[in-house]
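Single-structure report; data block below.
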Amino acid sequence: MGDAIHNTVEGLKKSLVECRRDLHKHPESGWTEFRTASIVAGKLKELGYTLTMGAEAVSKKDMMGVPSEAALKEHRQRALAQGADPALVELMEGGATGLWADLACGGGPGPRMALRFDLDANDVQETDDAAHRPAQEGFASTNKGVMHACGHDGHVAIGLAVAEALAGMKDQLKGSIRLIFQPAEEGVRGAGPMVAAGCCDGVDIIAGLHIGFQAAEKGDLICGTKGFLATTKWDVTFNGKSAHAGAAPEEGKNALLAACAATTNMHAIARHSGGATRITVGKLSGGQGRNVIPPEAFMAIETRGMTSALNDYMTSEARRIIEAAAAMWDCSYKIKVVGGTKSGESSEDMLARVQAIAKTMPAFTNIIAMQDFGASEDFSHMMAVVQEHGGVGGYIQIGAARTAGHHNDHFDFDEEVLPLGTELLIRLVKEYLGA
Ligand SMILES: [Zn+2]
């Protein structure tokens, strides 16, 4: 069966590249992946998977950082103009672009194994540099200000190729397969609402994969990842009262000063002996004019922690400081959570199996067991939930030559990674569900 898998993937090579390039040309950022999700749903339905979509796949009350109604409408129309299936887009009301697809295998009862793929692009304007391959070969982004600059176009292409291969071999597998296509990974907003809707219910095994990242070169494979930072993203608004800055400053309540006091003090939160933490006020704005006491101020902030408990420490300290700074300047405040995820560590069991499979694939010339991530990726949220229920999970990074760093406007990757990632995931599913 080993060679059969390799041959199947050889046959999928052309469609992998075509799919990746089509998605690259039509990128969509978080919660606006209408066209991308409609392509995924259409294909999976055709392959015989049972779909869960829209409000059933994404808990709407848990959605964070959702674009305005006007922006959603504009992006929905763009998706339709670019060929999205109207009936499928209809189901994604309010930006609920996540979906999962189930397939019962024919080889008898067994565990449920899930694979997760992220759908979204970045808010980056792709370069028009003539030497940039997507420009040269006609698949550069046609959507202004949006670009697949992290490789998620490749992830979706791999996901669909894996779906096709697994559908063809389902009678040689036991248990069931769940393919999760998650929106809004950037800003770690998509996993939480999908978990809340039940995407990890009954899942015994879950795997995720990223092209590049710490697997910097072709031939690199990082079999497991740990040290995903837990993180929380907040929008904070302070409200005070405007007044004439010359004639009656005492009548004002200065919201900008409250925000400034909060900013400097949050950056002075005592570091924790339990491990690494981060806090950043990444954006601060407020006020209306030179001679007006500022009646409002806005901060975009994030905290991170090596563990969820450490991140909780940072958020509770930040909350206390915001409250105190508002009280000090007699202002009110509002905190809106716009993103967040748990920390995580890949299970040893999966790491060992990925490692064993990689050793049988000659394309992997530099196999690294476990790597510390030191950043956030909301797959860790799904992985932690599956592990909390006694399951196993793992996150794989697969190397590819790249033209620039992730999220850079010159980003592109060597498409040879597409069949390689596809083959690895099929083998991993066979390893767990082989009848
Ligand atoms: Zn990414």
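By order of appearance in the structure tokens: chains A, B, ..., then residues from 1 within every chain, and ligands from 1 in the order shown.
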
How close does each residue of chain A get to ligand 1, giving the shortest atom pair and distance in Å to one decimal for every residue with an atom at most 12 Å away, counting only C-alpha atoms and all ligand atoms, sorted by chain and residue number, as a Markdown table?
| residue | atom | partner | partner_atom_place_in_ligand_line | distance |
| --- | --- | --- | --- | --- |
| A:Ser29 | CA | ligand 1 | 1 (Zn) | 11.8 |
| A:Gly30 | CA | ligand 1 | 1 (Zn) | 11.9 |
| A:Phe117 | CA | ligand 1 | 1 (Zn) | 10.0 |
| A:Asp118 | CA | ligand 1 | 1 (Zn) | 7.7 |
| A:Leu119 | CA | ligand 1 | 1 (Zn) | 9.5 |
| A:Asp120 | CA | ligand 1 | 1 (Zn) | 8.5 |
| A:Ala121 | CA | ligand 1 | 1 (Zn) | 8.5 |
| A:Asn122 | CA | ligand 1 | 1 (Zn) | 8.9 |
| A:Met147 | CA | ligand 1 | 1 (Zn) | 12.0 |
| A:His148 | CA | ligand 1 | 1 (Zn) | 9.2 |
| A:Ala149 | CA | ligand 1 | 1 (Zn) | 8.1 |
| A:Cys150 | CA | ligand 1 | 1 (Zn) | 4.6 |
| A:Gly151 | CA | ligand 1 | 1 (Zn) | 6.3 |
| A:His152 | CA | ligand 1 | 1 (Zn) | 6.1 |
| A:Asp153 | CA | ligand 1 | 1 (Zn) | 9.8 |
| A:Gly154 | CA | ligand 1 | 1 (Zn) | 10.3 |
| A:His155 | CA | ligand 1 | 1 (Zn) | 9.2 |
| A:Val156 | CA | ligand 1 | 1 (Zn) | 11.6 |
| A:Gln182 | CA | ligand 1 | 1 (Zn) | 11.7 |
| A:Pro183 | CA | ligand 1 | 1 (Zn) | 11.4 |
| A:Ala184 | CA | ligand 1 | 1 (Zn) | 10.1 |
| A:Glu185 | CA | ligand 1 | 1 (Zn) | 7.2 |
| A:Glu186 | CA | ligand 1 | 1 (Zn) | 6.9 |
| A:Gly187 | CA | ligand 1 | 1 (Zn) | 10.1 |
| A:Val188 | CA | ligand 1 | 1 (Zn) | 10.0 |
| A:Gly208 | CA | ligand 1 | 1 (Zn) | 11.2 |
| A:Leu209 | CA | ligand 1 | 1 (Zn) | 9.6 |
| A:His210 | CA | ligand 1 | 1 (Zn) | 6.7 |
| A:Ile211 | CA | ligand 1 | 1 (Zn) | 8.0 |
| A:Gly212 | CA | ligand 1 | 1 (Zn) | 9.0 |
| A:Phe213 | CA | ligand 1 | 1 (Zn) | 7.8 |
| A:Gln214 | CA | ligand 1 | 1 (Zn) | 11.2 |
| A:Ala375 | CA | ligand 1 | 1 (Zn) | 11.0 |
| A:Ser376 | CA | ligand 1 | 1 (Zn) | 9.8 |
| A:Glu377 | CA | ligand 1 | 1 (Zn) | 7.5 |
| A:Asp378 | CA | ligand 1 | 1 (Zn) | 9.8 |
| A:Phe379 | CA | ligand 1 | 1 (Zn) | 10.2 |
| A:Gln397 | CA | ligand 1 | 1 (Zn) | 10.6 |
| A:Gly405 | CA | ligand 1 | 1 (Zn) | 11.2 |
| A:His406 | CA | ligand 1 | 1 (Zn) | 7.6 |
| A:His407 | CA | ligand 1 | 1 (Zn) | 8.4 |
| A:Asn408 | CA | ligand 1 | 1 (Zn) | 11.9 |
| A:Phe411 | CA | ligand 1 | 1 (Zn) | 11.9 |

Please produce a file of the residues just selected, as a tab-separated table (two decimals), in the first residue's frame, where the atoms kept are N, CA and C atoms.
chain	number	residue	atom	x	y	z
A	29	SER	N	-9.17	37.37	3.68
A	29	SER	CA	-8.69	37.39	5.07
A	29	SER	C	-9.80	36.93	6.02
A	30	GLY	N	-9.45	36.86	7.31
A	30	GLY	CA	-10.28	36.23	8.34
A	30	GLY	C	-11.76	36.59	8.30
A	117	PHE	N	-6.91	22.43	8.62
A	117	PHE	CA	-6.27	23.29	7.63
A	117	PHE	C	-6.83	24.70	7.80
A	118	ASP	N	-5.96	25.73	7.69
A	118	ASP	CA	-6.45	27.11	7.84
A	118	ASP	C	-6.66	27.75	6.47
A	119	LEU	N	-7.71	28.58	6.39
A	119	LEU	CA	-8.21	29.10	5.11
A	119	LEU	C	-7.75	30.51	4.77
A	120	ASP	N	-7.35	31.28	5.77
A	120	ASP	CA	-7.28	32.73	5.56
A	120	ASP	C	-5.94	33.24	5.04
A	121	ALA	N	-6.03	34.44	4.44
A	121	ALA	CA	-4.85	35.16	3.93
A	121	ALA	C	-4.54	36.32	4.88
A	122	ASN	N	-3.53	37.10	4.51
A	122	ASN	CA	-3.07	38.20	5.36
A	122	ASN	C	-3.47	39.56	4.78
A	147	MET	N	-3.26	39.13	0.72
A	147	MET	CA	-2.28	38.23	0.08
A	147	MET	C	-2.10	36.97	0.91
A	148	HIS	N	-1.97	35.83	0.24
A	148	HIS	CA	-1.54	34.62	0.95
A	148	HIS	C	-0.04	34.73	1.19
A	149	ALA	N	0.32	35.31	2.34
A	149	ALA	CA	1.73	35.53	2.65
A	149	ALA	C	2.19	34.62	3.78
A	150	CYS	N	1.40	33.57	4.06
A	150	CYS	CA	1.80	32.65	5.13
A	150	CYS	C	1.76	31.20	4.65
A	151	GLY	N	1.27	30.98	3.44
A	151	GLY	CA	1.25	29.61	2.91
A	151	GLY	C	-0.05	28.87	3.13
A	152	HIS	N	-1.08	29.55	3.67
A	152	HIS	CA	-2.35	28.85	3.92
A	152	HIS	C	-3.02	28.40	2.61
A	153	ASP	N	-2.68	29.09	1.49
A	153	ASP	CA	-3.18	28.62	0.18
A	153	ASP	C	-2.67	27.20	-0.08
A	154	GLY	N	-1.42	26.96	0.29
A	154	GLY	CA	-0.85	25.62	0.16
A	154	GLY	C	-1.50	24.62	1.10
A	155	HIS	N	-1.84	25.09	2.32
A	155	HIS	CA	-2.48	24.18	3.29
A	155	HIS	C	-3.83	23.69	2.75
A	156	VAL	N	-4.61	24.63	2.19
A	156	VAL	CA	-5.94	24.25	1.68
A	156	VAL	C	-5.78	23.28	0.50
A	182	GLN	N	-10.53	25.77	8.85
A	182	GLN	CA	-10.74	26.84	9.83
A	182	GLN	C	-10.45	28.23	9.28
A	183	PRO	N	-11.37	29.16	9.47
A	183	PRO	CA	-11.11	30.55	9.06
A	183	PRO	C	-10.29	31.29	10.12
A	184	ALA	N	-9.88	32.51	9.78
A	184	ALA	CA	-9.35	33.48	10.75
A	184	ALA	C	-8.30	32.91	11.69
A	185	GLU	N	-7.29	32.24	11.13
A	185	GLU	CA	-6.17	31.80	11.98
A	185	GLU	C	-5.34	33.01	12.36
A	186	GLU	N	-5.13	33.91	11.40
A	186	GLU	CA	-4.37	35.13	11.69
A	186	GLU	C	-5.15	35.92	12.74
A	187	GLY	N	-4.44	36.29	13.82
A	187	GLY	CA	-5.15	36.94	14.92
A	187	GLY	C	-5.79	35.92	15.86
A	188	VAL	N	-5.50	34.65	15.62
A	188	VAL	CA	-5.98	33.50	16.43
A	188	VAL	C	-7.44	33.66	16.87
A	208	GLY	N	-2.19	18.96	12.75
A	208	GLY	CA	-2.16	20.18	11.95
A	208	GLY	C	-0.79	20.31	11.32
A	209	LEU	N	-0.70	21.12	10.28
A	209	LEU	CA	0.56	21.22	9.55
A	209	LEU	C	0.77	22.64	9.06
A	210	HIS	N	2.01	23.10	9.08
A	210	HIS	CA	2.33	24.41	8.49
A	210	HIS	C	3.51	24.28	7.56
A	211	ILE	N	3.38	24.93	6.41
A	211	ILE	CA	4.50	25.01	5.47
A	211	ILE	C	5.49	26.04	6.00
A	212	GLY	N	6.76	25.70	6.00
A	212	GLY	CA	7.80	26.66	6.36
A	212	GLY	C	7.85	26.96	7.84
A	213	PHE	N	7.70	28.22	8.17
A	213	PHE	CA	7.81	28.72	9.53
A	213	PHE	C	9.19	28.38	10.09
A	214	GLN	N	9.28	27.45	11.07
A	214	GLN	CA	10.61	27.14	11.60
A	214	GLN	C	11.33	26.08	10.76
A	375	ALA	N	5.69	31.29	19.59
A	375	ALA	CA	4.72	32.21	18.97
A	375	ALA	C	3.35	31.58	19.18
A	376	SER	N	2.32	32.17	18.59
A	376	SER	CA	0.97	31.64	18.78
A	376	SER	C	0.39	31.18	17.45
A	377	GLU	N	-0.41	30.15	17.51
A	377	GLU	CA	-1.10	29.59	16.33
A	377	GLU	C	-2.29	28.90	16.93
A	378	ASP	N	-3.49	29.22	16.48
A	378	ASP	CA	-4.64	28.73	17.26
A	378	ASP	C	-4.99	27.27	17.02
A	379	PHE	N	-4.20	26.56	16.22
A	379	PHE	CA	-4.34	25.10	16.20
A	379	PHE	C	-4.15	24.56	17.61
A	397	GLN	N	5.72	20.91	11.14
A	397	GLN	CA	6.17	21.99	10.25
A	397	GLN	C	7.01	21.36	9.15
A	405	GLY	N	10.33	36.05	4.30
A	405	GLY	CA	9.71	35.56	5.54
A	405	GLY	C	8.20	35.59	5.46
A	406	HIS	N	7.56	34.83	6.35
A	406	HIS	CA	6.10	34.82	6.40
A	406	HIS	C	5.58	36.24	6.67
A	407	HIS	N	4.46	36.55	6.05
A	407	HIS	CA	3.76	37.84	6.17
A	407	HIS	C	4.50	38.96	5.43
A	408	ASN	N	5.54	38.63	4.67
A	408	ASN	CA	6.24	39.63	3.86
A	408	ASN	C	5.58	39.71	2.48
A	411	PHE	N	6.64	37.10	-0.13
A	411	PHE	CA	6.59	35.68	0.27
A	411	PHE	C	6.12	34.78	-0.88

So that I can see what lies close to region 267-280 of chain A, please list as a VMD selection string the residues with an atom at most 6 Å from it, counting only C-alpha atoms and leaving out residues fewer than 6 positions away in the same chain. chain A and resid 301 to 306

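Candidate residues A:Gly224, A:Gly175, A:Gly393, A:Gly339 were compared for distance to Met63 (chain A), and the nearest is A:Gly339, using only C-alpha atoms.
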
* So which residues touch Ala196 (chain A) within 8 Å, counting only C-alpha atoms, skipping near sequence neighbours fewer than 4 positions away, as a PyMOL selection string? -> chain A and resi 58-59+62+192

With C-alpha atoms retained, write the just-selected residues as an mmCIF file, in the first residue's frame.
data_model
loop_
_atom_site.group_PDB
_atom_site.id
_atom_site.type_symbol
_atom_site.label_atom_id
_atom_site.label_comp_id
_atom_site.auth_asym_id
_atom_site.auth_seq_id
_atom_site.Cartn_x
_atom_site.Cartn_y
_atom_site.Cartn_z
ATOM 1 C CA VAL A 58 -18.902 28.251 13.860
ATOM 2 C CA SER A 59 -20.460 29.406 17.127
ATOM 3 C CA ASP A 62 -17.866 33.245 20.130
ATOM 4 C CA GLY A 192 -12.276 28.983 19.536
#

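Residue nearest Ala230 (chain A) within the list A:His24, A:Arg319, A:Lys342, A:His410: A:Lys342 [criterion: smallest interatomic distance, only C-alpha atoms].
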
Discussion item. Env of Ala84 (chain A): 8 Å cut, atoms = only C-alpha atoms, seq-sep filter 5 positions within chain, self excluded. Answer as a count of residues only.
Written reply: 7

Nearest to His75 (chain A), restricted to only C-alpha atoms and choosing among A:Asp102, A:Ala207, A:Arg116, A:Glu33, comes out as A:Glu33

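Here CA of Leu229 (chain A) and CA of Ser380 (chain A) stand 8.7 Å from one another.
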
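Using only C-alpha atoms for every distance, the candidate list A:Ala401, A:Val429, A:Ala352, A:Ile293 yields A:Ile293 as the residue closest to Gly246 (chain A).
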
Among A:Ala318, A:Leu221, A:Leu418, A:Met383, Met370 (chain A) is approached most closely, using only C-alpha atoms, by A:Leu221

Running DSSP on the backbone, which parts of region 169-352 of chain A land in helix (DSSP H, G or I), as a PyMOL selection string? chain A and resi 170-172+191-197+249-251+255-266+308-328+348-352

Hey, can you spit out that residue selection with N, CA and C atoms as a short mmCIF file (atom, residue, chain, number, x, y, z; two decimals), in the first residue's frame?
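So out07.cif came out as:
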data_model
loop_
_atom_site.label_atom_id
_atom_site.label_comp_id
_atom_site.auth_asym_id
_atom_site.auth_seq_id
_atom_site.Cartn_x
_atom_site.Cartn_y
_atom_site.Cartn_z
N LYS A 170 -10.88 4.66 1.65
CA LYS A 170 -11.60 4.59 2.93
C LYS A 170 -11.92 3.16 3.37
N ASP A 171 -12.01 2.23 2.41
CA ASP A 171 -12.32 0.85 2.81
C ASP A 171 -11.11 0.14 3.42
N GLN A 172 -9.94 0.73 3.24
CA GLN A 172 -8.74 0.15 3.87
C GLN A 172 -8.48 0.78 5.24
N ALA A 191 -10.26 29.26 15.76
CA ALA A 191 -10.35 27.93 16.39
C ALA A 191 -11.38 27.91 17.52
N GLY A 192 -11.37 28.94 18.38
CA GLY A 192 -12.28 28.98 19.54
C GLY A 192 -13.73 28.77 19.15
N PRO A 193 -14.26 29.59 18.22
CA PRO A 193 -15.67 29.43 17.84
C PRO A 193 -15.97 28.10 17.15
N MET A 194 -14.98 27.50 16.49
CA MET A 194 -15.24 26.18 15.87
C MET A 194 -15.24 25.09 16.94
N VAL A 195 -14.35 25.22 17.93
CA VAL A 195 -14.35 24.26 19.05
C VAL A 195 -15.69 24.38 19.79
N ALA A 196 -16.13 25.62 20.02
CA ALA A 196 -17.40 25.83 20.73
C ALA A 196 -18.57 25.22 19.95
N ALA A 197 -18.46 25.18 18.63
CA ALA A 197 -19.53 24.59 17.81
C ALA A 197 -19.42 23.07 17.75
N PRO A 249 -10.81 73.43 31.67
CA PRO A 249 -10.23 72.08 31.66
C PRO A 249 -10.72 71.23 32.83
N GLU A 250 -11.06 71.87 33.93
CA GLU A 250 -11.50 71.11 35.12
C GLU A 250 -12.82 70.38 34.89
N GLU A 251 -13.54 70.78 33.84
CA GLU A 251 -14.81 70.11 33.55
C GLU A 251 -14.63 68.85 32.70
N ALA A 255 -9.64 61.04 28.79
CA ALA A 255 -9.55 59.61 28.47
C ALA A 255 -8.17 59.23 27.93
N LEU A 256 -7.52 60.16 27.25
CA LEU A 256 -6.19 59.87 26.69
C LEU A 256 -5.18 59.65 27.81
N LEU A 257 -5.28 60.43 28.88
CA LEU A 257 -4.37 60.24 30.01
C LEU A 257 -4.63 58.90 30.69
N ALA A 258 -5.89 58.51 30.79
CA ALA A 258 -6.20 57.20 31.38
C ALA A 258 -5.55 56.10 30.54
N ALA A 259 -5.65 56.22 29.22
CA ALA A 259 -5.07 55.19 28.34
C ALA A 259 -3.54 55.18 28.44
N CYS A 260 -2.94 56.39 28.54
CA CYS A 260 -1.48 56.46 28.67
C CYS A 260 -1.02 55.85 29.98
N ALA A 261 -1.72 56.14 31.05
CA ALA A 261 -1.37 55.57 32.36
C ALA A 261 -1.47 54.05 32.29
N ALA A 262 -2.51 53.57 31.66
CA ALA A 262 -2.68 52.12 31.54
C ALA A 262 -1.55 51.52 30.70
N THR A 263 -1.18 52.20 29.62
CA THR A 263 -0.13 51.69 28.72
C THR A 263 1.19 51.51 29.45
N THR A 264 1.66 52.57 30.11
CA THR A 264 2.98 52.48 30.74
C THR A 264 2.95 51.47 31.89
N ASN A 265 1.85 51.43 32.61
CA ASN A 265 1.81 50.50 33.76
C ASN A 265 1.65 49.05 33.33
N MET A 266 0.94 48.81 32.23
CA MET A 266 0.83 47.42 31.76
C MET A 266 2.18 46.88 31.32
N SER A 308 -1.24 28.57 29.50
CA SER A 308 -2.50 29.30 29.61
C SER A 308 -2.57 30.02 30.96
N ALA A 309 -2.03 29.38 32.03
CA ALA A 309 -2.06 30.00 33.36
C ALA A 309 -1.23 31.28 33.38
N LEU A 310 -0.08 31.27 32.70
CA LEU A 310 0.76 32.48 32.66
C LEU A 310 0.07 33.59 31.87
N ASN A 311 -0.62 33.21 30.79
CA ASN A 311 -1.36 34.22 30.04
C ASN A 311 -2.51 34.77 30.88
N ASP A 312 -3.15 33.89 31.66
CA ASP A 312 -4.23 34.36 32.55
C ASP A 312 -3.70 35.37 33.56
N TYR A 313 -2.49 35.12 34.07
CA TYR A 313 -1.86 36.07 34.99
C TYR A 313 -1.71 37.43 34.32
N MET A 314 -1.22 37.44 33.07
CA MET A 314 -1.02 38.71 32.36
C MET A 314 -2.35 39.42 32.11
N THR A 315 -3.38 38.67 31.71
CA THR A 315 -4.65 39.34 31.42
C THR A 315 -5.30 39.87 32.70
N SER A 316 -5.16 39.14 33.82
CA SER A 316 -5.83 39.65 35.02
C SER A 316 -5.09 40.87 35.55
N GLU A 317 -3.75 40.90 35.42
CA GLU A 317 -3.01 42.10 35.80
C GLU A 317 -3.38 43.28 34.89
N ALA A 318 -3.45 43.00 33.59
CA ALA A 318 -3.78 44.06 32.63
C ALA A 318 -5.16 44.63 32.93
N ARG A 319 -6.11 43.74 33.23
CA ARG A 319 -7.47 44.17 33.52
C ARG A 319 -7.50 45.08 34.76
N ARG A 320 -6.74 44.69 35.79
CA ARG A 320 -6.68 45.47 37.04
C ARG A 320 -6.12 46.88 36.76
N ILE A 321 -5.09 46.94 35.92
CA ILE A 321 -4.45 48.23 35.62
C ILE A 321 -5.40 49.11 34.79
N ILE A 322 -6.08 48.52 33.84
CA ILE A 322 -7.03 49.30 33.02
C ILE A 322 -8.11 49.90 33.91
N GLU A 323 -8.62 49.05 34.80
CA GLU A 323 -9.67 49.50 35.71
C GLU A 323 -9.17 50.64 36.61
N ALA A 324 -7.95 50.46 37.14
CA ALA A 324 -7.39 51.47 38.05
C ALA A 324 -7.07 52.77 37.30
N ALA A 325 -6.55 52.66 36.09
CA ALA A 325 -6.21 53.86 35.31
C ALA A 325 -7.48 54.63 34.96
N ALA A 326 -8.54 53.90 34.63
CA ALA A 326 -9.81 54.56 34.33
C ALA A 326 -10.32 55.28 35.58
N ALA A 327 -10.23 54.61 36.74
CA ALA A 327 -10.70 55.23 37.99
C ALA A 327 -9.88 56.47 38.32
N MET A 328 -8.58 56.38 38.09
CA MET A 328 -7.68 57.48 38.43
C MET A 328 -8.06 58.75 37.66
N GLU A 348 3.65 13.09 22.47
CA GLU A 348 4.82 12.25 22.15
C GLU A 348 4.46 11.14 21.16
N ASP A 349 3.27 10.57 21.36
CA ASP A 349 2.82 9.47 20.52
C ASP A 349 2.80 9.86 19.04
N MET A 350 2.26 11.04 18.77
CA MET A 350 2.18 11.45 17.37
C MET A 350 3.56 11.81 16.83
N LEU A 351 4.33 12.49 17.65
CA LEU A 351 5.68 12.87 17.24
C LEU A 351 6.48 11.64 16.80
N ALA A 352 6.37 10.56 17.59
CA ALA A 352 7.12 9.34 17.28
C ALA A 352 6.65 8.74 15.96
#

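Nearest residue to Gly95 (chain A), choosing from A:Gly252, A:Gly54, A:Gly282, A:Pro362 and counting only C-alpha atoms: A:Gly54.
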
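Selecting strand (DSSP E) from the backbone DSSP output for region 68-150 of chain A yields Leu99, Trp100, Ala101, Asp102, Leu103, Ala104, Arg112, Met113, Ala114, Leu115, Arg116, Phe117 and Asp118 of chain A.
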
Please, could you write that set of residues out with C-alpha atoms as a short mmCIF file (atom, residue, chain, number, x, y, z; two decimals), in the first residue's frame?
data_model
loop_
_atom_site.label_atom_id
_atom_site.label_comp_id
_atom_site.auth_asym_id
_atom_site.auth_seq_id
_atom_site.Cartn_x
_atom_site.Cartn_y
_atom_site.Cartn_z
CA LEU A 99 -16.62 24.03 7.97
CA TRP A 100 -15.81 20.42 8.69
CA ALA A 101 -16.30 17.31 6.61
CA ASP A 102 -16.81 13.78 7.95
CA LEU A 103 -16.15 10.47 6.25
CA ALA A 104 -16.94 7.10 7.79
CA ARG A 112 -12.03 9.49 14.85
CA MET A 113 -9.06 11.31 13.40
CA ALA A 114 -9.16 14.99 12.48
CA LEU A 115 -6.86 17.06 10.30
CA ARG A 116 -7.05 20.82 10.44
CA PHE A 117 -6.27 23.29 7.63
CA ASP A 118 -6.45 27.11 7.84
#
